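Colleague: Quick one: the structure is below, and I'll ask about it shortly.
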Amino acid sequence: MTAAPIIRVEEFTAGYDGNVLLRDINFSVSRGEVFVILGGSGCGKSTLLKHMVSLYQPMTGRIFIDGDDIVVAEGEQRRAILKKIGVMYQSGALFGSMTLLENVRLPLEEYTALDLEAMDLVARMKLKLVGLEPFSAHMPSEISGGMQKRAAIARAMALDPTILFLDEPSAGLDPITSAELDQLILRLAGSLHITFVIVTHELASIYAVADRVIMLDKRTRGIIAEGDPKVLRDTSDNPWVRQFFRREAVAEAVAETA
Amino acid sequence: MTALASALGASASAATLAVADGADGSRELRLAGRLDAFSIAAVWAQARSAVAQVPERRVVVDAAMVDYCDGGGVAMLVDLLRQERSAQAPVTVRGLRPEFQTLLDQFDPAALRAPAAAHAQRLNAVEEIGRAALITGRDIATQVAFVGETSSALWYAIRHPASVRWKDVGYLCEQVGVNALPIVALISFLLGLILAFQSAVPMRQFGAELFVADLVGLSILRELGPLMTAILFAGRSGAAFAAEIGTMKVNEELNALTTMGLDPVRFLVVTRVLAALVMMPLLTLFADMIGILGGALTMISFNIPILTFLREVDSLVNLKDLWAGLAKTPVFAILIAGIGCLRGLQTQTGASAVGISATRAVVSGIILLVVVDGIYAFIYYLMDI
């Protein structure tokens, strides 16, 4: 924890159409850490992630990726930062008109000067890492949802990024597939020293993979807890945090929906 | 009463309501039987008016004889309870069985007094017009900005040809050009055929059938060939571009491109505009030829041989007319492909959004087409072409 953090988010405020969704967020992620952003539906987890990969512009604040502020970066500098990160989207977002191999090869085609044979080999090796090498020639529509997410991770790793962002990796997956994905994350984090930033609300997978979590809440529009998830579960005195980890319903929400 | 309701009403468990005035001056509503969404229709209005008739007296709803009550029945009870009344004349429910009482206790009748929140506030006409004008203004600004962005991306592509994904361009050329040949051929052949026939009939009265060749040649080469091809292109490929890019947007594929550091305009729009730029003039040339052929074949039945027809075309229509028509096609190509891609990029979320984008692509494409064609006509007039 003494090394300089690889991601630093400072005084970050974001929202849509003048409505503030997240206010004054500050946190940092250490190199090699599996860092999880969690919180209930609609609290802005995915929004925060999309700002961190510069899909959206924050209202105020700075987001440093390996020392460079991605909020103000433009042109070549921005591309240089983006080369260091890989993103897996909730739906996988594989390009439907390309095979898995072509999907993984695409970043290589755009950024490297490798010949086709070399790119194919790199792409096949990435697919091998996620256990999909036999499906190289398949189209995304021909494989299952869990496989699509693994393929999306392979594509996100094409340029060997230092940070991988995963948006809801376990959403819509059965517990076994979801656990396999957790194992994959741990294996990649352990062997390749990739820093993971994961957005999720699946408790099982949080306990399995997270070194450290931050928890967002839509009532305070900010971070309400930070630390090791098991410690938070056992010791947090914030009632909302306890409710989340113990899967208790909030009293007022029960009354509303009953 | 509907057949179903009357069938239910005929059963022993219909809802009944008896209104009586109690000894202490209160009004009593005695409900009995089955209170569900089907049976309560018969008694709801009656119960409501029985309550409204006595604004100054207490109302007791006696539900002791109710032997079934579900969500519908509870809604009727809540409706009676939520009526705005003075504190001296409350409405109370008595004798409801405990299991039904728990259903009723979940709701606070006073909280349901206000009408349901409207999803979107209706604006008055002036505000509507203002808002529509604002949206249109923004849309035009977006289109202008997009033209700029596309031009700069095209310029970059021309200076750095290696950056263009030529394989995609080739594939798109096949999609928008080669595969469009049958429909372009059919439409332009029929166009030439109909044009020749419609004009030959009246012109024969003056013995001027031969000049039909000039008419068909001139109008197809200068105007109808490029315009019809462009309209077909808008309906066929412009819509396809919008739908394809729109689906990519819905699936987050555009986000994926952006975070790879790949500009969607350069990656998706440039290839499509280039394919349109290559194929549109070729398709137009093809349409011109087939159209004139259609006219020539028609005139055989008016005793004008094909060679005579073609010689007549050649004598009056010259290369300048062909170029005047073809010169429009690159502009048409950029506009239609560009607007199709723009509408795709603008797609909102949801399944219906893609359909809306495709529709908007065709509509805006055809509007731009007609406007630009008018501008061309004016310029040609000024330049005496």
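Just remember, in the structure tokens the first chain shown is A, the second B, etc., residues are 1-based per chain, and ligands are 1-based in the order shown.
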List every residue of stretch 14-255 of chain A that DSSP, applied to the backbone of this structure, assigns to strand (DSSP E), and report them as number ranges by chain.
Modeller: A: 14-16, 19-29, 34-39, 60-65, 68-69, 85-88, 163-167, 195-199, 212-217, 222-227
Colleague: Residues near stretch 28-31 of chain B, anyone? I mean within 6 Å using only C-alpha atoms, not counting same-chain ones fewer than 4 positions away, as JSON, numbers by chain.
Modeller: {"B": [16, 17, 18, 19, 20, 21, 59, 60, 61, 62, 63]}
Colleague: Using only C-alpha atoms, which chain A residues lie at most 6 Å away from chain B, written as a VMD selection string?
Modeller: chain A and resid 79 82 93
Colleague: Within 12 Å of A:Asp174, counting only C-alpha atoms, which residues show up once you throw out same-chain ones fewer than 3 positions away? Write them as a PyMOL selection string, please.
Modeller: chain A and resi 144-146+169-171+177-181+202+204-205
Colleague: How would the residues just chosen look if you wrote them out with N, CA and C atoms as an mmCIF file, in the first residue's frame?
Modeller:
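The result, stored in part33.cif:
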```cif
data_model
loop_
_atom_site.group_PDB
_atom_site.id
_atom_site.type_symbol
_atom_site.label_atom_id
_atom_site.label_comp_id
_atom_site.auth_asym_id
_atom_site.auth_seq_id
_atom_site.Cartn_x
_atom_site.Cartn_y
_atom_site.Cartn_z
ATOM 1 N N SER A 144 -22.440 -18.618 -25.398
ATOM 2 C CA SER A 144 -23.331 -18.255 -24.291
ATOM 3 C C SER A 144 -22.932 -16.909 -23.676
ATOM 4 N N GLY A 145 -23.805 -16.385 -22.815
ATOM 5 C CA GLY A 145 -23.563 -15.089 -22.193
ATOM 6 C C GLY A 145 -22.287 -15.060 -21.372
ATOM 7 N N GLY A 146 -22.045 -16.129 -20.611
ATOM 8 C CA GLY A 146 -20.830 -16.179 -19.803
ATOM 9 C C GLY A 146 -19.587 -16.202 -20.672
ATOM 10 N N PRO A 169 -19.604 -7.939 -13.979
ATOM 11 C CA PRO A 169 -19.232 -9.195 -14.659
ATOM 12 C C PRO A 169 -20.197 -10.336 -14.384
ATOM 13 N N SER A 170 -20.821 -10.355 -13.190
ATOM 14 C CA SER A 170 -21.671 -11.523 -12.899
ATOM 15 C C SER A 170 -23.141 -11.294 -13.205
ATOM 16 N N ALA A 171 -23.490 -10.111 -13.734
ATOM 17 C CA ALA A 171 -24.904 -9.860 -14.006
ATOM 18 C C ALA A 171 -25.445 -10.847 -15.027
ATOM 19 N N THR A 177 -21.218 -20.260 -13.326
ATOM 20 C CA THR A 177 -20.498 -19.471 -14.323
ATOM 21 C C THR A 177 -19.893 -18.233 -13.677
ATOM 22 N N SER A 178 -20.675 -17.647 -12.766
ATOM 23 C CA SER A 178 -20.220 -16.458 -12.085
ATOM 24 C C SER A 178 -18.975 -16.761 -11.248
ATOM 25 N N ALA A 179 -18.982 -17.915 -10.571
ATOM 26 C CA ALA A 179 -17.819 -18.297 -9.759
ATOM 27 C C ALA A 179 -16.608 -18.567 -10.642
ATOM 28 N N GLU A 180 -16.850 -19.149 -11.836
ATOM 29 C CA GLU A 180 -15.740 -19.382 -12.768
ATOM 30 C C GLU A 180 -15.101 -18.062 -13.196
ATOM 31 N N LEU A 181 -15.968 -17.078 -13.399
ATOM 32 C CA LEU A 181 -15.473 -15.762 -13.796
ATOM 33 C C LEU A 181 -14.631 -15.160 -12.666
ATOM 34 N N GLU A 202 -22.960 -8.311 -6.536
ATOM 35 C CA GLU A 202 -23.067 -9.720 -6.175
ATOM 36 C C GLU A 202 -22.203 -9.981 -4.953
ATOM 37 N N ALA A 204 -21.497 -12.678 -3.247
ATOM 38 C CA ALA A 204 -20.616 -13.837 -3.295
ATOM 39 C C ALA A 204 -19.332 -13.484 -4.024
ATOM 40 N N SER A 205 -19.470 -12.779 -5.136
ATOM 41 C CA SER A 205 -18.274 -12.510 -5.910
ATOM 42 C C SER A 205 -17.441 -11.404 -5.255
#
```
Colleague: Give me the residues within 12 Å of A:Pro134 as an mmCIF file with C-alpha atoms, in the first residue's frame, counting only C-alpha atoms and dropping any in the same chain fewer than 6 places off.
Modeller:
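Ended up saving to around-v9.cif:
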```cif
data_model
loop_
_atom_site.group_PDB
_atom_site.id
_atom_site.type_symbol
_atom_site.label_atom_id
_atom_site.label_comp_id
_atom_site.auth_asym_id
_atom_site.auth_seq_id
_atom_site.Cartn_x
_atom_site.Cartn_y
_atom_site.Cartn_z
ATOM 1 C CA LEU A 100 -14.064 -13.852 -31.438
ATOM 2 C CA LEU A 101 -10.574 -13.900 -32.889
ATOM 3 C CA ARG A 124 -5.443 -16.784 -29.758
ATOM 4 C CA MET A 125 -3.274 -16.695 -26.657
ATOM 5 C CA LYS A 126 -5.579 -14.153 -25.042
ATOM 6 C CA LEU A 127 -8.549 -16.363 -25.829
ATOM 7 C CA LYS A 128 -6.631 -19.301 -24.378
ATOM 8 C CA ILE A 143 -21.710 -18.571 -27.712
ATOM 9 C CA MET A 147 -18.531 -16.990 -22.713
ATOM 10 C CA ALA A 151 -14.303 -13.150 -24.637
#
```
Colleague: Between atom CA of A:Leu38 and atom CA of A:Asn238, what is the spacing in Å?
Modeller: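 Atom CA of A:Leu38 lies 15.0 Å from atom CA of A:Asn238.
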Colleague: What separation in Å, quoted to one decimal, exists between atom CA of A:Asp211 and atom CA of A:Gly15?
Modeller: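 These two atoms are separated by 28.1 Å.
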Colleague: Write out as a VMD selection string the set of residues from stretch 94-198 of chain A that DSSP, computed on the backbone, places in alpha helix (DSSP H).
Modeller: chain A and resid 100 to 111 116 to 129 145 to 156 175 to 192
Colleague: Next, write the just-selected residues to a file, as a PDB file, in the first residue's frame, keeping C-alpha atoms as the atom set.
Modeller:
```
ATOM      1  CA  LEU A 100     -14.064 -13.852 -31.438  1.00  0.00           C
ATOM      2  CA  LEU A 101     -10.574 -13.900 -32.889  1.00  0.00           C
ATOM      3  CA  GLU A 102     -11.250 -10.780 -34.972  1.00  0.00           C
ATOM      4  CA  ASN A 103     -12.725  -9.056 -31.945  1.00  0.00           C
ATOM      5  CA  VAL A 104      -9.595  -9.665 -29.897  1.00  0.00           C
ATOM      6  CA  ARG A 105      -7.360  -8.831 -32.856  1.00  0.00           C
ATOM      7  CA  LEU A 106      -8.986  -5.456 -33.507  1.00  0.00           C
ATOM      8  CA  PRO A 107      -7.066  -3.410 -30.896  1.00  0.00           C
ATOM      9  CA  LEU A 108      -3.855  -5.037 -32.111  1.00  0.00           C
ATOM     10  CA  GLU A 109      -4.629  -4.081 -35.725  1.00  0.00           C
ATOM     11  CA  GLU A 110      -5.235  -0.501 -34.701  1.00  0.00           C
ATOM     12  CA  TYR A 111      -2.319   0.026 -32.367  1.00  0.00           C
ATOM     13  CA  LEU A 116      -1.442 -10.736 -39.397  1.00  0.00           C
ATOM     14  CA  GLU A 117       0.045 -14.056 -38.330  1.00  0.00           C
ATOM     15  CA  ALA A 118       1.605 -12.541 -35.220  1.00  0.00           C
ATOM     16  CA  MET A 119      -1.619 -10.719 -34.307  1.00  0.00           C
ATOM     17  CA  ASP A 120      -3.589 -13.939 -34.714  1.00  0.00           C
ATOM     18  CA  LEU A 121      -1.221 -15.715 -32.371  1.00  0.00           C
ATOM     19  CA  VAL A 122      -1.471 -12.977 -29.718  1.00  0.00           C
ATOM     20  CA  ALA A 123      -5.264 -12.988 -30.020  1.00  0.00           C
ATOM     21  CA  ARG A 124      -5.443 -16.784 -29.758  1.00  0.00           C
ATOM     22  CA  MET A 125      -3.274 -16.695 -26.657  1.00  0.00           C
ATOM     23  CA  LYS A 126      -5.579 -14.153 -25.042  1.00  0.00           C
ATOM     24  CA  LEU A 127      -8.549 -16.363 -25.829  1.00  0.00           C
ATOM     25  CA  LYS A 128      -6.631 -19.301 -24.378  1.00  0.00           C
ATOM     26  CA  LEU A 129      -6.192 -17.365 -21.128  1.00  0.00           C
ATOM     27  CA  GLY A 145     -23.563 -15.089 -22.193  1.00  0.00           C
ATOM     28  CA  GLY A 146     -20.830 -16.179 -19.803  1.00  0.00           C
ATOM     29  CA  MET A 147     -18.531 -16.990 -22.713  1.00  0.00           C
ATOM     30  CA  GLN A 148     -19.261 -13.594 -24.267  1.00  0.00           C
ATOM     31  CA  LYS A 149     -18.108 -11.921 -21.075  1.00  0.00           C
ATOM     32  CA  ARG A 150     -14.940 -13.996 -20.991  1.00  0.00           C
ATOM     33  CA  ALA A 151     -14.303 -13.150 -24.637  1.00  0.00           C
ATOM     34  CA  ALA A 152     -14.844  -9.479 -23.790  1.00  0.00           C
ATOM     35  CA  ILE A 153     -12.200  -9.806 -21.060  1.00  0.00           C
ATOM     36  CA  ALA A 154      -9.848 -11.371 -23.608  1.00  0.00           C
ATOM     37  CA  ARG A 155     -10.446  -8.434 -25.931  1.00  0.00           C
ATOM     38  CA  ALA A 156      -9.933  -5.961 -23.109  1.00  0.00           C
ATOM     39  CA  PRO A 175     -23.770 -18.964  -9.777  1.00  0.00           C
ATOM     40  CA  ILE A 176     -21.401 -21.534 -11.257  1.00  0.00           C
ATOM     41  CA  THR A 177     -20.498 -19.471 -14.323  1.00  0.00           C
ATOM     42  CA  SER A 178     -20.220 -16.458 -12.085  1.00  0.00           C
ATOM     43  CA  ALA A 179     -17.819 -18.297  -9.759  1.00  0.00           C
ATOM     44  CA  GLU A 180     -15.740 -19.382 -12.768  1.00  0.00           C
ATOM     45  CA  LEU A 181     -15.473 -15.762 -13.796  1.00  0.00           C
ATOM     46  CA  ASP A 182     -14.319 -14.874 -10.266  1.00  0.00           C
ATOM     47  CA  GLN A 183     -11.641 -17.564 -10.510  1.00  0.00           C
ATOM     48  CA  LEU A 184     -10.545 -16.119 -13.842  1.00  0.00           C
ATOM     49  CA  ILE A 185     -10.253 -12.646 -12.307  1.00  0.00           C
ATOM     50  CA  LEU A 186      -8.174 -13.959  -9.411  1.00  0.00           C
ATOM     51  CA  ARG A 187      -5.947 -15.955 -11.768  1.00  0.00           C
ATOM     52  CA  LEU A 188      -5.325 -12.950 -14.021  1.00  0.00           C
ATOM     53  CA  ALA A 189      -4.734 -10.626 -11.088  1.00  0.00           C
ATOM     54  CA  GLY A 190      -2.300 -13.102  -9.546  1.00  0.00           C
ATOM     55  CA  SER A 191      -0.371 -14.109 -12.654  1.00  0.00           C
ATOM     56  CA  LEU A 192      -0.368 -10.919 -14.749  1.00  0.00           C
TER      57      LEU A 192
END
```
Colleague: Need to verify the contact set: stretch 363-379 of chain B, 9 Å, only C-alpha atoms, exclusion of same-chain residues closer than 5 positions in sequence. Can you return it as a list in words?
Modeller: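 Everything that qualifies: Glu223, Leu227, Ala230, Ile231, Ala234, Gly235, Gly238, Lys328, Val331, Phe332, Leu335, Ile336, Ala337, Gly338, Ile339, Gly340, Ala358, Asp384 and Ile385 of chain B.
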Colleague: Write out as an MDAnalysis selection string each polymer residue whose atoms come within 6 Å of A:Asp228, counting only C-alpha atoms; drop sequence neighbours fewer than 2 positions from it.
Modeller: chainID A and resid 212 230:231
Colleague: Go ahead and save the residues from that selection, with N, CA and C atoms, as an mmCIF file, in the first residue's frame.
Modeller:
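Saved as part_9.cif:
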```cif
data_model
loop_
_atom_site.group_PDB
_atom_site.id
_atom_site.type_symbol
_atom_site.label_atom_id
_atom_site.label_comp_id
_atom_site.auth_asym_id
_atom_site.auth_seq_id
_atom_site.Cartn_x
_atom_site.Cartn_y
_atom_site.Cartn_z
ATOM 1 N N ARG A 212 -10.342 -4.742 -1.682
ATOM 2 C CA ARG A 212 -10.853 -3.559 -1.023
ATOM 3 C C ARG A 212 -12.101 -3.099 -1.791
ATOM 4 N N LYS A 230 -15.085 -8.144 4.142
ATOM 5 C CA LYS A 230 -15.452 -8.994 5.286
ATOM 6 C C LYS A 230 -15.396 -8.195 6.578
ATOM 7 N N VAL A 231 -14.429 -7.286 6.655
ATOM 8 C CA VAL A 231 -14.328 -6.435 7.844
ATOM 9 C C VAL A 231 -15.539 -5.506 7.919
#
```
Colleague: Can you list, as an MDAnalysis selection string, every protein, DNA or RNA residue that comes within 12 Å of stretch 92-98 of chain B when you count only C-alpha atoms, leaving out same-chain residues fewer than 4 positions away?
Modeller: chainID B and resid 26:33 35 51 57:70 73:74 76:83 85 87:88 102:105 109
Colleague: Just how far from atom CA of A:Gln57 is atom CA of A:Gly18, in Å to one decimal?
Modeller: 12.9 Å
Colleague: Find, counting only C-alpha atoms, the residue in A:Phe35, A:Trp240, A:Phe165, A:Tyr207 that gets nearest to A:Gly86.
Modeller: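 Closest to A:Gly86, using only C-alpha atoms: A:Phe165.
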